[in-house]
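Scroll down for the structure; my scribbles are underneath it.
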Amino acid sequence: MKRPLILLCFMVFTGCASLVYQAENYPALYGPSEPKQRRLTQEQAMLDRQRNRVSFSRDVKPILDSRCVVCHGCYDAPCQLKLGSIEGIDRGATKRKVYDFARFKAAEPTRLFIDAQDTAGWRQKEFYPILNERRDGKEANLDNSVLAKLIRLKREHPLPTSGKLDQDYDLEFSRDLLCPTVEEFPKYQRQHPQWGMPYAMPGLSPKEEATLLQWLQEGAKAEPLPPLSSESGPTIAKWETYLNGPTFKHKLVSRYLYEHLFIGHLHFQGHPEHEFYRLVRSKTAPGIPIEEIQSVRPYDDPGTVNFYYRLRPQTETIVDKIHFVYELSDRKMQRYDELFFRPNYQVTSLPSYRPEVAANPFKTFIELPLASKYRFLLDDAEYFVSGFIKGPVCRGEIATESIRDQFWVVFSQPGRFYPEKVAKALADNNQILALPGEEGDQIGLMGWTKFDVFGRQYLKKKDRFIDLLLAKDQGFGLENIWDGDGMNRNAALTIFRHFDSATVTQGLIGDTPLTAWVIDYPIFERLHYLLVAGFNVYGTAGHQVASRTYMDLLRQDGEDNFLRFMPGKQRQAIYNSWYQGFKGLRTAEALFSIGHETRINYRGTDYKQEFFDQVRQRLGKAAGFVDSINQCRQEPCDRAGATPLQQEVDRKLRKLTKLQGLELGALPEMSLLRVKTGDPEGDLVYTLLIDKAYSNISKMVSLGSRRLPKNDRITIIPGFVGSYPNFFFSVEKNRLGEFIEQIRTAKTDSNLEQFYSRFGIRRTNPEIWHYSDWFNEQHKKYRGLQAGLLDLSRYENL
């Protein structure tokens, strides 16, 4: 017995020694590491086609998009490995964190396409390769590739095909990530043999795996980017000429437009749906290749007197979590003329880029007409609200922990409330409208207190200002709510929070919420400059804290506005229902012009519902369709434009909306439901959202300690809401009743196991990729231009 044991130990020892030797001697085996040119020329690409080599765009990218980019597509991609472009793949990975809420010094930005211009530049910023950068050769191209090793590791250690994953898989949202280099991979493989890629999901199909490995063997090359459509050149030239006008007025307006549009994906109306652009500042003029200015914030000093606003094509795969679209057109250009160039006003000088000025839009753009700025924001309110709700930060706790899981937003009517006096008051008080961004990344942990004082002062001054302007015992009425000009569906929005992300939709969706906001111009502008223009995902803990605490004040400002439309004697009671428990957790004193009674006539005691019923009537078509699933008060409640099949399924799912509280415990926060109809082409999609209840969301104290699960509700939406599905369900149409009943009764581990096994698509299910592909295809059909790939990084292990 001893000799076989000794032999086994010898084999293990020599094997480990061999791995260590190989790891320590990569330069000797394959030569030094040096970045390679991955983009082929047109001639090289043509030669590759003749040789029948694997094509990156045709063969490889679809696999990476559907199996890898669904987790590796944003700042929060594990190890900062972004796989949506050859440039991201070639950049590789890093052990440096983007999200670090405890750092006292701002991190150096690592934005792909911006903060380094080539792979060599990324190597200087501590990114290491996942592709072979040593001597070429079929064996070397695989042996030196972390990507190839992770794919093979999954093949050697596949997932189980049923049940939950065990504790070998760390699926915590804030887990520590292991980011092995090729030299470190032997240790990673020994310690975590189950951690091949795709992580904690079924592996690639044999055909997909063979395609990727062959591409890697052949040197991991990519064809040149396809040319833009023929109509794009003249359109880009037209817009870049418009945005780079010579006068002070042109320069100030373009600065305002840039600081509000820089974050989005711009699309030319009528152009191909896959063409999107970013509005950037460039050192080079139109007609010359773009040299993007690498500022952290859009209002940072560009560092040069002469710079130009340019439209840079978006070349990465579009992922839904950072995708929100702003359309440019001839009509939009005419609208800018109407708002900013036809009004009679003068721009006497250009504002500086000093932080105390540039971070405060009420100083920077004081010479632009207030009405024009507000109308600009209202025209595309969903887009601008999405900026602070969705944004490119991917982990948006700063914004989302300070909002409810579901609430409605409407806007104050522009020009209705003494516009000249409001404009003067904002100009006179622009100092207390200062935002934390003016201190940039130098703000300390207690730096928020200064801006908290400013915010509280503003709320008090605003309340006194309203008291002075309104007649005694005369308050706000429906005419103070923006009517969307009769047709603009941005007039009423619903915001859904999903843990650390959120979604904005047009219309009043779901049941009447606990809270609502009425947004006015100062709130709107500060939201953008706090959480979009002024927010740095690479910033310090002090920056994070200051942004979070000021967001509490903005929420209260919007809620105070809403309370001014409630009956005067009910306002305090309504406010108290939002902020239960210890009073020290409340943001500030509630201020809602108590001496001025609303002009809205109420007939019953459900004031919020009655208010929004009247708002719907005021908005008319601008309110959008009535939510017939969640707001059905008397049958029949058939969805407008729905087919008989959709109406039938709606009626069945309406029973699910009757469940509340602990009856919903089996459902994750956001799940996608495929209703099978017997015809795969006719299967339907619904989003199931759990609206979690809290006693209080004010201040930075653990939300978990304030949970009220007995008050949870569900919102059911035909189609898609949200970018991060937590789970997929697949249910035959005739089993929807059983599905709903099992949700209601699944309380024990045994019940839950039966429920998820029967109706759920678990991580271990070999069909999960089929469902992911199907939902992404449907997402494109449902949302068209607005759709991007759904993200699976929050998929739960149920």
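Following the order of the structure tokens, chains are lettered A, B, ..., residues in each are numbered from 1, and ligands are numbered from 1.
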
Mind checking which residues fall within 9 Å of Gln609 in chain A, counting only C-alpha atoms, ignoring those fewer than 5 positions away in the same chain, and posting them as a ChimeraX atom specification?
/A:512-513,614

Just want the 9 Å neighbourhood of range 680-690 of chain A, counted on only C-alpha atoms, with same-chain residues fewer than 6 positions away dropped. Output as a ChimeraX atom specification.
/A:405,496,498,646,649,664,667-674,712-722,725,775,778-779

For Asn141 in chain A, find every residue with an atom within 10 Å (counting only C-alpha atoms), except residues of its own chain fewer than 4 positions away, and show them as a ChimeraX atom specification.
/A:30,131-137,145,148,213-220

Quick one: write out the picked residues with all heavy atoms as a short mmCIF file (atom, residue, chain, number, x, y, z; two decimals), in the first residue's frame?
```
data_model
loop_
_atom_site.label_atom_id
_atom_site.label_comp_id
_atom_site.auth_asym_id
_atom_site.auth_seq_id
_atom_site.Cartn_x
_atom_site.Cartn_y
_atom_site.Cartn_z
N TYR A 30 8.24 31.47 -23.62
CA TYR A 30 7.56 32.10 -24.75
C TYR A 30 8.09 33.49 -25.10
O TYR A 30 7.55 34.14 -25.99
CB TYR A 30 6.06 32.20 -24.45
CG TYR A 30 5.40 30.85 -24.27
CD1 TYR A 30 4.93 30.46 -23.03
CD2 TYR A 30 5.25 29.98 -25.35
CE1 TYR A 30 4.32 29.22 -22.86
CE2 TYR A 30 4.64 28.74 -25.19
CZ TYR A 30 4.17 28.38 -23.94
OH TYR A 30 3.57 27.16 -23.78
N LEU A 131 -5.11 37.81 -23.32
CA LEU A 131 -4.72 37.18 -24.58
C LEU A 131 -3.20 37.00 -24.59
O LEU A 131 -2.49 37.63 -23.82
CB LEU A 131 -5.15 38.06 -25.76
CG LEU A 131 -6.63 38.41 -25.86
CD1 LEU A 131 -6.86 39.37 -27.03
CD2 LEU A 131 -7.50 37.17 -26.01
N ASN A 132 -2.73 36.18 -25.49
CA ASN A 132 -1.29 35.97 -25.60
C ASN A 132 -0.60 37.22 -26.14
O ASN A 132 -0.95 37.73 -27.19
CB ASN A 132 -1.01 34.79 -26.55
CG ASN A 132 0.49 34.58 -26.75
OD1 ASN A 132 1.28 34.82 -25.84
ND2 ASN A 132 0.87 34.15 -27.94
N GLU A 133 0.39 37.70 -25.39
CA GLU A 133 1.21 38.81 -25.85
C GLU A 133 2.67 38.40 -25.98
O GLU A 133 3.55 39.26 -26.10
CB GLU A 133 1.05 40.02 -24.91
CG GLU A 133 -0.32 40.67 -24.99
CD GLU A 133 -0.42 41.99 -24.25
OE1 GLU A 133 0.54 42.32 -23.51
OE2 GLU A 133 -1.43 42.70 -24.41
N ARG A 134 2.91 37.08 -25.96
CA ARG A 134 4.27 36.59 -26.12
C ARG A 134 4.42 36.01 -27.53
O ARG A 134 3.71 36.41 -28.44
CB ARG A 134 4.59 35.57 -25.03
CG ARG A 134 4.45 36.16 -23.60
CD ARG A 134 4.77 35.16 -22.53
NE ARG A 134 4.42 35.67 -21.21
CZ ARG A 134 5.21 36.41 -20.44
NH1 ARG A 134 6.43 36.74 -20.88
NH2 ARG A 134 4.83 36.83 -19.25
N ARG A 135 5.34 35.08 -27.70
CA ARG A 135 5.62 34.55 -29.03
C ARG A 135 4.37 33.91 -29.62
O ARG A 135 3.62 33.21 -28.94
CB ARG A 135 6.75 33.53 -28.94
CG ARG A 135 7.21 33.00 -30.28
CD ARG A 135 8.38 32.06 -30.17
NE ARG A 135 8.02 30.83 -29.45
CZ ARG A 135 8.53 30.47 -28.28
NH1 ARG A 135 9.44 31.25 -27.69
NH2 ARG A 135 8.17 29.35 -27.68
N ASP A 136 4.14 34.15 -30.92
CA ASP A 136 2.99 33.58 -31.60
C ASP A 136 3.16 32.08 -31.82
O ASP A 136 4.27 31.56 -31.90
CB ASP A 136 2.78 34.26 -32.96
CG ASP A 136 1.95 35.51 -32.84
OD1 ASP A 136 1.08 35.55 -31.97
OD2 ASP A 136 2.21 36.46 -33.61
N GLY A 137 2.04 31.40 -31.97
CA GLY A 137 2.01 29.96 -32.23
C GLY A 137 0.74 29.39 -31.65
O GLY A 137 0.21 29.92 -30.66
N SER A 145 -3.03 32.50 -22.71
CA SER A 145 -4.30 33.22 -22.66
C SER A 145 -5.11 32.84 -21.43
O SER A 145 -5.51 31.68 -21.27
CB SER A 145 -5.12 32.91 -23.92
OG SER A 145 -6.44 33.38 -23.78
N ALA A 148 -8.53 31.61 -22.56
CA ALA A 148 -8.57 30.20 -22.97
C ALA A 148 -8.55 29.29 -21.76
O ALA A 148 -9.27 28.27 -21.71
CB ALA A 148 -7.38 29.90 -23.89
N LEU A 213 -11.79 29.07 -29.10
CA LEU A 213 -10.42 28.56 -28.98
C LEU A 213 -9.69 28.63 -30.32
O LEU A 213 -8.48 28.92 -30.36
CB LEU A 213 -10.43 27.13 -28.44
CG LEU A 213 -10.91 26.98 -26.98
CD1 LEU A 213 -10.90 25.52 -26.56
CD2 LEU A 213 -10.04 27.82 -26.04
N GLN A 214 -10.39 28.38 -31.40
CA GLN A 214 -9.75 28.50 -32.71
C GLN A 214 -9.35 29.95 -32.98
O GLN A 214 -8.27 30.23 -33.51
CB GLN A 214 -10.66 27.98 -33.82
CG GLN A 214 -10.00 28.00 -35.20
CD GLN A 214 -10.92 27.50 -36.30
OE1 GLN A 214 -11.94 26.86 -36.04
NE2 GLN A 214 -10.57 27.80 -37.54
N TRP A 215 -10.24 30.87 -32.63
CA TRP A 215 -9.92 32.30 -32.81
C TRP A 215 -8.69 32.67 -32.00
O TRP A 215 -7.81 33.39 -32.49
CB TRP A 215 -11.13 33.13 -32.39
CG TRP A 215 -10.92 34.61 -32.45
CD1 TRP A 215 -10.75 35.38 -33.55
CD2 TRP A 215 -10.86 35.50 -31.32
NE1 TRP A 215 -10.59 36.70 -33.20
CE2 TRP A 215 -10.65 36.81 -31.84
CE3 TRP A 215 -10.97 35.34 -29.95
CZ2 TRP A 215 -10.55 37.93 -31.02
CZ3 TRP A 215 -10.87 36.46 -29.11
CH2 TRP A 215 -10.66 37.72 -29.65
N LEU A 216 -8.61 32.19 -30.76
CA LEU A 216 -7.45 32.47 -29.93
C LEU A 216 -6.19 31.84 -30.52
O LEU A 216 -5.12 32.47 -30.55
CB LEU A 216 -7.68 31.96 -28.50
CG LEU A 216 -8.78 32.67 -27.70
CD1 LEU A 216 -9.08 31.93 -26.41
CD2 LEU A 216 -8.38 34.11 -27.40
N GLN A 217 -6.31 30.63 -31.00
CA GLN A 217 -5.17 29.98 -31.64
C GLN A 217 -4.64 30.77 -32.83
O GLN A 217 -3.43 30.85 -33.07
CB GLN A 217 -5.55 28.57 -32.12
CG GLN A 217 -5.48 27.49 -31.05
CD GLN A 217 -5.72 26.12 -31.65
OE1 GLN A 217 -6.52 25.95 -32.57
NE2 GLN A 217 -5.02 25.12 -31.13
N GLU A 218 -5.55 31.37 -33.56
CA GLU A 218 -5.19 32.09 -34.77
C GLU A 218 -4.69 33.51 -34.48
O GLU A 218 -4.44 34.28 -35.42
CB GLU A 218 -6.38 32.14 -35.73
CG GLU A 218 -6.75 30.77 -36.29
CD GLU A 218 -8.04 30.77 -37.09
OE1 GLU A 218 -8.72 31.83 -37.12
OE2 GLU A 218 -8.39 29.74 -37.68
N GLY A 219 -4.56 33.85 -33.21
CA GLY A 219 -3.97 35.12 -32.85
C GLY A 219 -4.93 36.18 -32.37
O GLY A 219 -4.52 37.31 -32.08
N ALA A 220 -6.22 35.85 -32.24
CA ALA A 220 -7.22 36.76 -31.68
C ALA A 220 -7.23 38.11 -32.40
O ALA A 220 -7.04 39.16 -31.80
CB ALA A 220 -7.00 36.95 -30.18
#
```

Counting only C-alpha atoms, closest pick from A:His260, A:Lys125, A:Lys238, A:Arg111 relative to Tyr299 in chain A is A:His260

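For Glu223 in chain A, the list of residues within 8 Å, based on only C-alpha atoms and with local chain neighbours fewer than 3 positions off taken out, reads Arg39, Leu40, Thr41, Gln42, Ala45, Ser55, Phe56 and Ser57 of chain A.
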
Env of range 524-540 of chain A: 8 Å cut, atoms = only C-alpha atoms, seq-sep filter 6 positions within chain, self excluded. Answer as a PyMOL selection string.
chain A and resi 98-109+259-260+263+296-299+359-361+377+384-385+387-388+391+393+399+435-437+441+443+547+551+554

Could you give me, as a list in words, the residues within 9 Å of Pro302 in chain A, counting only C-alpha atoms and dropping anything in the same chain fewer than 6 positions from it?
Arg281, Ser282, Lys283, Ile293, Gln294, Ser295 and Tyr353 of chain A

Strand (DSSP E) residues, from DSSP on the backbone, in range 487-547 of chain A, as a VMD selection string:
chain A and resid 493 to 498 501 to 506 516 to 519

Quick one: residues within 6 Å of range 501-508 of chain A, only C-alpha atoms, excluding same-chain residues fewer than 6 positions away - as a VMD selection string?
chain A and resid 386 389 396 492 to 495 623 to 624 722

Write down as a PyMOL selection string the residues belonging to range 549-748 of chain A that are assigned alpha helix (DSSP H) by DSSP computed on the backbone.
chain A and resi 549-563+571-578+607-619+644-654+736-745

Best match for closeness to Asp467 in chain A among A:Asp143, A:Asp330, A:Asp691, A:Glu597, counting only C-alpha atoms
A:Glu597

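In this comparison, which uses only C-alpha atoms, the residue of A:Ala546, A:Thr643, A:Trp482, A:Phe727 approaching Arg618 in chain A most closely is A:Trp482.
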